[in-house]
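Here is my_file-v3.txt, consisting of compact mmCIF, C-alpha atoms:
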```
# COMPACT_ATOMS: atom_id res chain seq x y z
CA MET A 1 -34.15 -26.66 17.15
CA LYS A 2 -32.29 -23.96 19.06
CA LYS A 3 -32.18 -20.52 17.44
CA ILE A 4 -28.99 -18.46 17.66
CA LEU A 5 -28.61 -14.75 16.92
CA ILE A 6 -25.19 -13.93 15.43
CA ILE A 7 -24.13 -10.28 15.36
CA THR A 8 -21.16 -9.69 13.07
CA TYR A 9 -19.84 -6.73 11.11
CA TYR A 10 -18.22 -8.97 8.48
CA TRP A 11 -20.55 -10.97 6.28
CA PRO A 12 -20.58 -11.79 2.55
CA PRO A 13 -19.98 -10.10 0.20
CA SER A 14 -17.17 -9.05 2.53
CA GLY A 15 -13.99 -10.88 1.61
CA GLY A 16 -10.81 -11.48 3.56
CA SER A 17 -10.18 -13.59 6.64
CA GLY A 18 -12.51 -11.75 9.05
CA VAL A 19 -15.69 -13.02 7.43
CA GLN A 20 -14.97 -16.71 7.13
CA ARG A 21 -15.13 -18.02 10.70
CA TRP A 22 -18.81 -17.21 11.31
CA MET A 23 -19.87 -17.49 7.70
CA TYR A 24 -18.86 -21.16 7.79
CA PHE A 25 -20.24 -21.76 11.27
CA ALA A 26 -23.59 -20.38 10.08
CA LYS A 27 -23.44 -22.48 6.92
CA TYR A 28 -23.28 -25.77 8.85
CA MET A 29 -25.21 -24.92 12.04
CA GLU A 30 -28.66 -25.94 10.86
CA GLU A 31 -27.61 -29.46 9.90
CA ASN A 32 -26.30 -29.75 13.46
CA GLY A 33 -29.55 -28.72 15.12
CA MET A 34 -29.25 -24.94 15.42
CA ILE A 35 -30.84 -22.21 13.32
CA PRO A 36 -28.62 -19.14 12.81
CA VAL A 37 -30.03 -15.67 12.24
CA VAL A 38 -27.49 -12.98 11.36
CA ILE A 39 -27.56 -9.24 12.00
CA THR A 40 -24.94 -7.41 9.96
CA ILE A 41 -24.32 -4.12 8.17
CA ASP A 42 -25.70 -3.07 4.80
CA SER A 43 -22.91 -4.27 2.51
CA GLU A 44 -23.34 -1.25 0.23
CA LYS A 45 -22.46 1.06 3.13
CA ALA A 46 -19.81 -1.06 4.87
CA ALA A 47 -16.09 -0.34 5.11
CA TYR A 48 -14.77 -3.76 4.12
CA PRO A 49 -11.06 -4.34 3.35
CA ALA A 50 -12.05 -6.59 0.44
CA TYR A 51 -15.10 -7.97 -1.36
CA ASP A 52 -15.68 -11.56 -2.53
CA HIS A 53 -19.16 -12.00 -3.99
CA SER A 54 -18.61 -15.73 -4.48
CA LEU A 55 -18.92 -16.24 -0.71
CA SER A 56 -22.57 -15.12 -0.71
CA LYS A 57 -23.63 -18.39 -2.37
CA LYS A 58 -22.35 -20.41 0.59
CA VAL A 59 -24.87 -18.89 3.00
CA GLU A 60 -27.89 -18.19 0.78
CA HIS A 61 -30.03 -20.31 3.13
CA VAL A 62 -29.17 -18.19 6.20
CA ARG A 63 -31.59 -15.49 7.28
CA VAL A 64 -29.74 -12.16 7.30
CA ILE A 65 -30.93 -8.79 8.64
CA ARG A 66 -28.91 -5.81 7.40
CA THR A 67 -28.83 -2.48 9.19
CA LYS A 68 -27.82 1.07 8.38
CA PRO A 69 -24.10 1.79 8.86
CA GLY A 70 -23.94 4.69 11.30
CA PHE A 71 -20.90 6.99 11.24
CA ASN A 72 -17.72 5.21 10.16
CA LEU A 73 -14.31 6.84 10.59
CA PHE A 74 -12.70 4.59 7.96
CA LYS A 75 -15.08 5.77 5.25
CA ALA A 76 -14.69 9.40 6.28
CA TYR A 77 -10.90 9.07 6.33
CA SER A 78 -10.87 7.37 2.91
CA PHE A 79 -13.05 10.08 1.38
CA LEU A 80 -10.96 12.93 2.78
CA LYS A 81 -7.73 11.19 1.77
CA SER A 82 -8.63 9.93 -1.70
CA GLY A 83 -12.08 11.24 -2.59
CA LYS A 84 -13.39 7.65 -2.54
CA SER A 85 -15.24 6.39 0.51
CA LYS A 86 -14.82 2.76 -0.58
CA LYS A 87 -11.06 2.91 -0.99
CA ILE A 88 -9.54 0.21 1.20
CA VAL A 89 -8.04 1.28 4.52
CA PRO A 90 -5.90 -1.45 6.10
CA VAL A 91 -7.17 -2.46 9.55
CA GLY A 92 -5.14 -0.78 12.27
CA ASP A 93 -3.37 1.49 9.82
CA VAL A 94 -5.29 4.78 9.66
CA GLY A 95 -2.71 7.08 8.20
CA GLY A 96 -0.52 4.36 6.75
CA ARG A 97 3.24 4.00 7.15
CA LYS A 98 4.46 7.37 5.87
CA LYS A 99 2.35 9.79 7.87
CA THR A 100 1.46 13.30 6.87
CA LEU A 101 0.10 15.72 9.46
CA PHE A 102 -3.42 14.69 8.38
CA ASP A 103 -2.54 11.02 8.81
CA SER A 104 -1.14 11.58 12.30
CA LEU A 105 -4.19 13.59 13.32
CA SER A 106 -6.48 10.86 11.97
CA ALA A 107 -4.62 8.20 13.94
CA TYR A 108 -4.86 10.30 17.11
CA VAL A 109 -8.60 10.83 16.63
CA ARG A 110 -9.11 7.14 15.89
CA GLY A 111 -7.19 6.04 18.98
CA ASN A 112 -8.67 8.50 21.47
CA TYR A 113 -12.22 9.26 20.33
CA PHE A 114 -13.36 6.03 18.65
CA ILE A 115 -13.07 3.47 21.42
CA PRO A 116 -12.67 0.57 21.08
CA ASP A 117 -12.52 0.99 17.29
CA ALA A 118 -13.55 3.08 14.31
CA ARG A 119 -16.69 1.03 13.61
CA VAL A 120 -18.32 1.73 16.98
CA GLY A 121 -20.82 4.05 15.25
CA TRP A 122 -22.57 0.96 13.84
CA ASN A 123 -23.77 -0.03 17.32
CA LYS A 124 -26.47 2.66 17.47
CA GLN A 125 -28.06 1.15 14.37
CA VAL A 126 -27.87 -2.46 15.55
CA ILE A 127 -29.06 -2.25 19.15
CA PRO A 128 -32.67 -1.14 18.46
CA VAL A 129 -32.98 -3.67 15.62
CA ALA A 130 -31.69 -6.48 17.84
CA LYS A 131 -33.97 -5.47 20.73
CA GLU A 132 -37.07 -5.54 18.53
CA LEU A 133 -36.06 -8.94 17.14
CA LEU A 134 -35.47 -10.40 20.62
CA LYS A 135 -38.89 -9.10 21.77
CA ALA A 136 -40.63 -10.58 18.73
CA GLU A 137 -38.90 -13.98 18.56
CA HIS A 138 -37.39 -16.54 20.91
CA PHE A 139 -33.63 -17.01 20.72
CA ASP A 140 -31.58 -19.39 22.83
CA ALA A 141 -28.32 -17.45 22.60
CA ILE A 142 -26.62 -14.36 21.20
CA ILE A 143 -23.17 -14.47 19.63
CA THR A 144 -21.04 -11.38 19.04
CA THR A 145 -17.70 -11.65 17.24
CA GLY A 146 -14.81 -9.20 17.02
CA PRO A 147 -12.90 -7.47 15.59
CA PRO A 148 -14.41 -4.99 15.44
CA HIS A 149 -14.58 -5.48 19.20
CA SER A 150 -17.14 -2.68 19.39
CA THR A 151 -19.58 -5.42 18.30
CA HIS A 152 -19.22 -6.94 21.77
CA LEU A 153 -20.64 -3.73 23.24
CA ILE A 154 -23.87 -4.57 21.42
CA GLY A 155 -23.97 -7.87 23.32
CA LEU A 156 -23.18 -6.03 26.55
CA GLU A 157 -26.15 -3.70 26.04
CA LEU A 158 -28.54 -6.51 25.08
CA LYS A 159 -27.50 -8.54 28.11
CA LYS A 160 -28.73 -5.71 30.36
CA THR A 161 -32.27 -6.12 29.02
CA PHE A 162 -32.64 -9.77 28.02
CA PRO A 163 -31.89 -12.84 30.21
CA ILE A 164 -30.26 -14.70 27.34
CA HIS A 165 -27.00 -16.64 27.08
CA TRP A 166 -24.34 -14.46 25.46
CA ILE A 167 -21.22 -15.81 23.73
CA ALA A 168 -18.43 -13.29 22.99
CA ASP A 169 -16.05 -14.58 20.30
CA PHE A 170 -12.56 -13.06 20.13
CA ARG A 171 -10.85 -13.66 16.78
CA ASP A 172 -8.02 -11.29 17.82
CA PRO A 173 -6.95 -9.60 21.06
CA TRP A 174 -8.81 -6.46 22.12
CA HIS A 175 -6.86 -4.13 24.41
CA ASP A 176 -3.63 -6.00 23.59
CA ILE A 177 -4.02 -5.88 19.80
CA TYR A 178 -0.76 -4.81 18.15
CA TYR A 179 -1.99 -1.74 16.27
CA ASN A 180 -3.22 0.06 19.39
CA SER A 181 0.42 1.04 19.93
CA ILE A 182 0.43 3.29 16.83
CA PHE A 183 -2.45 5.48 18.02
CA LYS A 184 -0.60 7.37 20.80
CA ARG A 185 -3.52 6.97 23.15
CA THR A 186 -3.89 9.07 26.26
CA LYS A 187 -3.97 7.24 29.59
CA LYS A 188 -7.67 8.09 29.88
CA ALA A 189 -8.50 6.59 26.46
CA ASP A 190 -6.41 3.49 27.15
CA ALA A 191 -8.10 2.98 30.52
CA LYS A 192 -11.54 3.33 28.91
CA ASP A 193 -10.67 0.70 26.30
CA GLU A 194 -9.43 -1.71 28.95
CA ALA A 195 -12.51 -1.08 31.11
CA LEU A 196 -14.84 -1.90 28.19
CA GLU A 197 -12.98 -5.14 27.51
CA THR A 198 -13.20 -6.07 31.20
CA ALA A 199 -16.95 -5.37 31.26
CA VAL A 200 -17.48 -7.66 28.26
CA LEU A 201 -15.34 -10.47 29.70
CA LYS A 202 -17.19 -10.29 33.04
CA SER A 203 -20.70 -10.09 31.56
CA ALA A 204 -20.46 -12.67 28.77
CA ASP A 205 -21.75 -16.13 29.74
CA THR A 206 -19.27 -17.84 27.44
CA ILE A 207 -16.04 -16.55 25.91
CA LEU A 208 -14.79 -18.18 22.74
CA THR A 209 -11.57 -17.71 20.84
CA VAL A 210 -9.36 -19.22 18.12
CA GLY A 211 -6.46 -20.98 19.86
CA PRO A 212 -4.94 -22.11 23.18
CA SER A 213 -2.57 -19.15 23.64
CA MET A 214 -5.34 -16.67 22.87
CA ARG A 215 -7.48 -18.43 25.47
CA GLU A 216 -4.60 -18.15 27.95
CA LEU A 217 -4.19 -14.43 27.19
CA LEU A 218 -7.86 -13.80 27.95
CA CYS A 219 -7.96 -16.02 31.04
CA ASN A 220 -5.02 -14.15 32.55
CA LYS A 221 -6.95 -10.86 32.52
CA PHE A 222 -8.48 -11.64 35.90
CA SER A 223 -9.67 -14.62 37.95
CA GLY A 224 -12.83 -16.52 37.15
CA LEU A 225 -12.49 -16.65 33.36
CA LYS A 226 -11.02 -20.13 32.86
CA GLU A 227 -14.29 -21.92 33.57
CA LYS A 228 -16.16 -20.08 30.81
CA THR A 229 -13.45 -19.54 28.18
CA PHE A 230 -12.92 -21.99 25.31
CA PHE A 231 -11.23 -22.12 21.92
CA ILE A 232 -12.17 -23.59 18.56
CA TYR A 233 -9.65 -23.34 15.75
CA ASN A 234 -10.55 -21.72 12.45
CA GLY A 235 -11.00 -24.43 9.86
CA TYR A 236 -10.83 -24.92 6.10
CA ASP A 237 -13.43 -25.55 3.41
CA SER A 238 -12.95 -29.21 2.47
CA GLU A 239 -15.70 -28.94 -0.18
CA LEU A 240 -13.76 -26.33 -2.15
CA PHE A 241 -10.66 -28.51 -2.29
CA LYS A 242 -12.61 -31.28 -4.03
CA ASP A 243 -12.85 -29.11 -7.17
CA ILE A 244 -9.23 -27.91 -7.20
CA SER A 245 -6.16 -29.79 -8.41
CA ALA A 246 -2.58 -28.57 -8.64
CA LYS A 247 -1.39 -26.95 -11.88
CA ARG A 248 2.32 -26.59 -11.30
CA TYR A 249 4.30 -23.76 -12.87
CA ASN A 250 7.45 -24.59 -14.84
CA GLU A 251 9.62 -22.93 -12.20
CA PHE A 252 9.94 -23.81 -8.51
CA THR A 253 7.15 -21.72 -7.02
CA ILE A 254 6.80 -20.02 -3.66
CA ALA A 255 3.42 -18.45 -2.82
CA HIS A 256 2.40 -15.96 -0.16
CA ILE A 257 -1.38 -15.63 0.04
CA GLY A 258 -3.13 -12.92 2.07
CA VAL A 259 -2.14 -9.71 3.82
CA TRP A 260 1.60 -8.93 4.00
CA THR A 261 2.60 -5.76 5.83
CA LEU A 262 5.81 -4.29 7.20
CA LYS A 263 4.76 -5.50 10.66
CA GLN A 264 5.15 -9.07 9.40
CA ALA A 265 8.46 -10.85 8.78
CA HIS A 266 9.69 -9.97 5.29
CA GLN A 267 13.29 -8.73 5.10
CA GLU A 268 14.70 -12.14 6.06
CA VAL A 269 12.78 -13.72 3.17
CA ILE A 270 14.11 -11.14 0.74
CA ASP A 271 17.69 -11.62 1.99
CA ALA A 272 17.46 -15.41 1.78
CA LEU A 273 16.05 -15.35 -1.76
CA SER A 274 18.66 -12.81 -2.88
CA PHE A 275 21.47 -15.00 -1.54
CA ILE A 276 20.13 -18.22 -3.07
CA LEU A 277 19.57 -16.73 -6.53
CA LYS A 278 22.94 -14.93 -6.49
CA ASN A 279 24.75 -18.18 -5.74
CA ASN A 280 22.67 -20.42 -8.03
CA SER A 281 22.64 -18.62 -11.38
CA ASP A 282 20.89 -21.50 -13.18
CA LEU A 283 18.01 -21.57 -10.68
CA LYS A 284 14.64 -20.05 -11.49
CA ILE A 285 12.16 -19.22 -8.75
CA ARG A 286 8.64 -17.92 -9.26
CA PHE A 287 7.22 -15.94 -6.33
CA VAL A 288 3.40 -15.71 -6.40
CA VAL A 289 1.89 -13.01 -4.21
CA ALA A 290 -1.90 -12.71 -3.87
CA GLY A 291 -3.76 -10.32 -1.58
CA ASN A 292 -2.97 -6.98 0.00
CA ILE A 293 0.80 -6.48 0.17
CA GLU A 294 2.80 -3.47 1.30
CA GLN A 295 4.30 -1.67 -1.72
CA GLU A 296 7.74 -1.57 -0.08
CA ILE A 297 7.81 -5.38 0.13
CA LEU A 298 6.75 -5.64 -3.51
CA ASP A 299 9.49 -3.22 -4.56
CA LYS A 300 12.14 -5.21 -2.70
CA LEU A 301 10.95 -8.47 -4.29
CA LYS A 302 11.07 -6.83 -7.73
CA SER A 303 14.68 -5.83 -7.12
CA ILE A 304 15.90 -9.42 -6.59
CA PRO A 305 17.80 -10.48 -9.75
CA ASN A 306 16.40 -13.59 -11.51
CA LEU A 307 13.31 -13.77 -9.27
CA ILE A 308 10.11 -14.09 -11.29
CA LEU A 309 7.64 -12.01 -9.30
CA ASP A 310 4.05 -12.94 -10.10
CA PHE A 311 1.80 -10.42 -8.33
CA LYS A 312 -1.86 -11.48 -8.56
CA GLY A 313 -3.34 -8.67 -6.45
CA LYS A 314 -6.71 -9.27 -4.79
CA VAL A 315 -8.30 -12.56 -5.85
CA SER A 316 -11.40 -14.54 -4.89
CA HIS A 317 -11.19 -17.21 -2.22
CA LYS A 318 -11.30 -19.98 -4.82
CA GLU A 319 -8.55 -18.35 -6.87
CA ALA A 320 -6.44 -18.05 -3.73
CA LEU A 321 -6.87 -21.77 -3.04
CA GLN A 322 -5.87 -22.56 -6.63
CA GLU A 323 -2.62 -20.62 -6.22
CA MET A 324 -1.96 -22.47 -2.95
CA MET A 325 -2.39 -25.78 -4.75
CA ASN A 326 -0.11 -24.71 -7.61
CA ALA A 327 2.84 -23.76 -5.40
CA ASN A 328 5.72 -25.96 -4.35
CA LEU A 329 6.13 -24.07 -1.08
CA LEU A 330 3.67 -21.91 0.82
CA LEU A 331 5.04 -19.01 2.83
CA ASN A 332 3.29 -17.68 5.93
CA CYS A 333 4.89 -14.60 7.53
CA LEU A 334 3.39 -13.80 10.92
CA ALA A 335 3.42 -10.38 12.57
CA VAL A 336 6.38 -9.51 14.77
CA GLN A 337 4.71 -8.39 17.98
CA GLU A 338 4.70 -8.83 21.73
CA GLN A 339 1.88 -11.38 21.79
CA SER A 340 3.33 -13.46 18.96
CA LYS A 341 2.44 -16.80 20.59
CA ILE A 342 -1.25 -16.31 19.85
CA LEU A 343 -0.87 -15.86 16.10
CA ILE A 344 -2.41 -18.40 13.73
CA SER A 345 -2.87 -17.13 10.20
CA GLY A 346 -6.33 -17.55 8.71
CA LYS A 347 -4.66 -19.23 5.76
CA LEU A 348 -2.67 -21.80 7.73
CA MET A 349 -5.36 -24.51 7.80
CA GLU A 350 -5.81 -24.13 4.04
CA TYR A 351 -2.05 -24.30 3.56
CA ILE A 352 -1.98 -27.59 5.47
CA ALA A 353 -4.92 -28.95 3.45
CA THR A 354 -2.99 -28.57 0.17
CA GLY A 355 -0.37 -31.11 1.23
CA ASN A 356 2.35 -28.77 -0.07
CA GLU A 357 5.51 -27.74 1.75
CA ILE A 358 4.95 -24.93 4.25
CA LEU A 359 7.36 -22.40 5.72
CA VAL A 360 6.06 -20.30 8.61
CA ILE A 361 8.15 -17.43 9.97
CA GLY A 362 6.95 -16.80 13.49
CA ASN A 363 7.18 -17.75 17.14
CA THR A 364 8.56 -21.31 17.34
CA GLU A 365 6.75 -21.77 20.68
CA GLY A 366 3.42 -20.34 19.51
CA ASP A 367 0.08 -21.78 18.44
CA ALA A 368 1.04 -21.92 14.76
CA ALA A 369 4.10 -23.99 15.71
CA LYS A 370 1.95 -26.36 17.78
CA LEU A 371 -0.15 -27.03 14.70
CA ILE A 372 2.52 -27.43 12.05
CA ASN A 373 4.79 -29.52 14.26
CA ASN A 374 2.26 -32.27 13.50
CA ILE A 375 2.98 -31.97 9.77
CA SER A 376 5.91 -33.82 8.20
CA ASN A 377 6.54 -31.28 5.43
CA ALA A 378 6.03 -28.05 7.39
CA HIS A 379 8.74 -25.85 8.89
CA ILE A 380 8.73 -22.95 11.34
CA VAL A 381 11.61 -20.47 11.66
CA SER A 382 12.02 -17.56 14.08
CA PRO A 383 11.82 -14.02 12.62
CA GLY A 384 15.25 -12.70 11.67
CA ASN A 385 16.79 -16.17 11.20
CA THR A 386 17.85 -15.71 7.59
CA GLU A 387 20.31 -18.63 7.68
CA GLU A 388 17.63 -21.12 8.70
CA ILE A 389 15.27 -19.77 6.02
CA LYS A 390 18.01 -20.36 3.41
CA LYS A 391 18.43 -23.96 4.63
CA VAL A 392 14.71 -24.69 4.43
CA LEU A 393 14.35 -23.13 0.98
CA LEU A 394 17.36 -24.99 -0.44
CA LYS A 395 16.19 -28.27 1.06
CA VAL A 396 12.73 -27.93 -0.49
CA ILE A 397 14.12 -26.70 -3.85
CA LYS A 398 16.29 -29.83 -4.09
CA ASN A 399 13.38 -32.10 -3.14
CA PRO A 400 10.11 -30.27 -3.87
CA GLU A 401 7.74 -33.25 -3.86
CA THR A 402 8.02 -34.72 -0.36
CA ASP A 403 5.45 -36.97 1.28
CA SER A 404 3.01 -35.37 3.69
CA ASN A 405 0.79 -36.65 6.48
CA SER A 406 -1.34 -33.52 6.28
CA ALA A 407 -4.38 -35.23 4.68
CA THR A 408 -4.91 -37.33 7.81
CA PHE A 409 -4.17 -34.53 10.27
CA ILE A 410 -6.27 -31.78 8.66
CA THR A 411 -9.59 -33.68 8.56
CA GLN A 412 -10.47 -32.66 12.12
CA PHE A 413 -10.35 -28.99 11.04
CA SER A 414 -12.84 -29.08 8.19
CA ARG A 415 -15.50 -26.38 8.56
CA ALA A 416 -18.15 -29.07 9.04
CA SER A 417 -16.10 -30.62 11.89
CA THR A 418 -15.39 -27.33 13.65
CA THR A 419 -19.09 -26.43 13.48
CA LYS A 420 -20.00 -29.72 15.16
CA GLU A 421 -17.49 -28.83 17.86
CA LEU A 422 -19.11 -25.40 18.22
CA VAL A 423 -22.65 -26.77 18.45
CA ASN A 424 -21.60 -29.36 21.04
CA LEU A 425 -19.98 -26.61 23.11
CA LEU A 426 -23.03 -24.33 22.83
CA ASN A 427 -25.36 -27.14 23.89
CA LEU A 428 -23.21 -27.89 26.94
CA ARG A 429 -22.98 -24.21 27.90
CA LEU A 430 -26.72 -23.66 27.47
CA GLN A 431 -27.49 -26.74 29.57
CA SER A 432 -25.09 -25.54 32.25
CA SER A 433 -26.65 -22.09 32.21
CA GLN A 434 -30.18 -23.51 32.55
CA ALA A 435 -29.07 -25.77 35.41
CA SER A 436 -27.57 -22.80 37.23
CA LYS A 437 -30.81 -20.81 36.88
CA SER A 438 -32.83 -23.77 38.18
CA ASN A 439 -30.60 -24.06 41.25
CA ILE A 440 -30.98 -20.35 41.96
CA ASN A 441 -34.75 -20.57 41.65
```
Rewrite the structure of this file - the entire thing - as structure tokens.
Amino acid sequence: MKKILIITYYWPPSGGSGVQRWMYFAKYMEENGMIPVVITIDSEKAAYPAYDHSLSKKVEHVRVIRTKPGFNLFKAYSFLKSGKSKKIVPVGDVGGRKKTLFDSLSAYVRGNYFIPDARVGWNKQVIPVAKELLKAEHFDAIITTGPPHSTHLIGLELKKTFPIHWIADFRDPWHDIYYNSIFKRTKKADAKDEALETAVLKSADTILTVGPSMRELLCNKFSGLKEKTFFIYNGYDSELFKDISAKRYNEFTIAHIGVWTLKQAHQEVIDALSFILKNNSDLKIRFVVAGNIEQEILDKLKSIPNLILDFKGKVSHKEALQEMMNANLLLNCLAVQEQSKILISGKLMEYIATGNEILVIGNTEGDAAKLINNISNAHIVSPGNTEEIKKVLLKVIKNPETDSNSATFITQFSRASTTKELVNLLNLRLQSSQASKSNIN
């Protein structure tokens, strides 16, 4: 069996969307002929946005090597700001929305001195551990996954020493990621960031990402990338859904699960709900919100007359899936940004798997649209189109139990299926790499 070294910052008990892609790949790799070994950070010293200890049980069989943390700006910022080093700092939001002088200074330091990201200090701890492991044991490939994209610099360093196939997995853009714009980077810092990304893209043997538009974004960086760049969608845990059945609320229920910030569509939802409830006094709507949500959005939702706001806060993955199943309509608000075509929410596959009505607010030409256009009871509306959101909501409220073809469509995206796709790709790439070396020799 081939042995694969996976280097990832996010690993259980980390919660949130960042951990799930490679946690599930690792879970199913061995039954597909590959043995995963994971190098990650000591979870007690990590700066995770959320914790979900239930995820650890899914990968108990996977060998995990945990390293020291190194210096982490997020933890230092959190301690100086709140006195608690484990207080959550939203990714890409050092300093938050309402910035004090300290916040602005922190953002400037983050953007100009911690390149490509605030977790780059971890690399010094990982590289010697990974080198010793690669000297002691045979591995067929190394996988690095980002964000944090500083993890790819570990792969870049290892590639200099070891003639091993390296796969760089991009879950989000690097130099183009939306929150880089808030850091007020100098031209020198921006150029350094772009140069590091270029070095990784040139040196990696295989580049992997999460969707067709993200692949296109990477391939357009420079020539020669198309032949080695591929995408595999994030999937959903079909096993978890076997144990969950819908428990409908008495009221028509809308649910938004996951992160919801001011950079995502929100005002149009609030305006549409306000209008509908104002003009339908006998209507009751429950709005379930689970996950990290901007306080300003919560306050606006609370101010809507006759809306029953049900704020669950941070919940486990299984609890999140239960709330998805319970809802009549699932709301997915994507970020409003320049590269909006690439966006596919980590929750979208799970939304589809429920069979419930879905409303996505995002780019109608993007990757999310390409997916949900296959679903009979899913809708996508452009940001700012309040009138169309009203129409969709009223249509679903009048007929909340519509038929769906999602059960047939979603099967190809189960975590077991996407891992088979990954293993097949890795085998092909490794064979190609070996053939190339033989021809050179």
Enumerate, in order of chain and increasing residue number, the residues of segment 164-277 of chain A with an atom no farther than 8 Å from segment 281-286 of chain A, each with its shortest atom pair and distance in Å to one decimal, counting only C-alpha atoms, as a tab-separated table.
```
residue	atom	partner	partner_atom	distance
A:Glu251	CA	A:Ile285	CA	5.7
A:Phe252	CA	A:Ile285	CA	5.1
A:Thr253	CA	A:Arg286	CA	4.7
A:Ile254	CA	A:Arg286	CA	6.3
A:Leu277	CA	A:Ser281	CA	6.0
```
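Here atom CA of Ile389 of chain A stands at a distance of 6.5 Å from atom CA of Ala272 of chain A.
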Which residues of segment 375-402 of chain A sit at most 8 Å from segment 326-347 of chain A, using all atoms listed in the file? Give each one's shortest atom pair and distance in Å (one decimal place), in chain and ascending residue order, as a tab-separated table.
```
residue	atom	partner	partner_atom	distance
A:Pro383	CA	A:Val336	CA	7.4
A:Val396	CA	A:Leu329	CA	7.7
A:Pro400	CA	A:Asn328	CA	6.2
A:Glu401	CA	A:Asn328	CA	7.6
```
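Closest approach to Trp166 of chain A among A:Lys131, A:Ile7, A:Glu296, A:Gly355 is made by A:Ile7 (distances from only C-alpha atoms).
Look at everything within 8 Å of (-23.4, -5.3, 5.1) using all atoms listed in the file, and the residues you get are A:Tyr9, A:Tyr10, A:Trp11, A:Pro12, A:Pro13, A:Ser14, A:Thr40, A:Ile41, A:Asp42, A:Ser43, A:Glu44, A:Lys45, A:Ala46, A:Arg66, A:Thr67.
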Close residues, segment 409-423 of chain A itself excluded, 8 Å, all atoms listed in the file, min 3 positions apart in chain, as a ChimeraX atom specification
/A:24-25,28-29,32-34,232-238,349,352-353,374-375,405-406,426-427
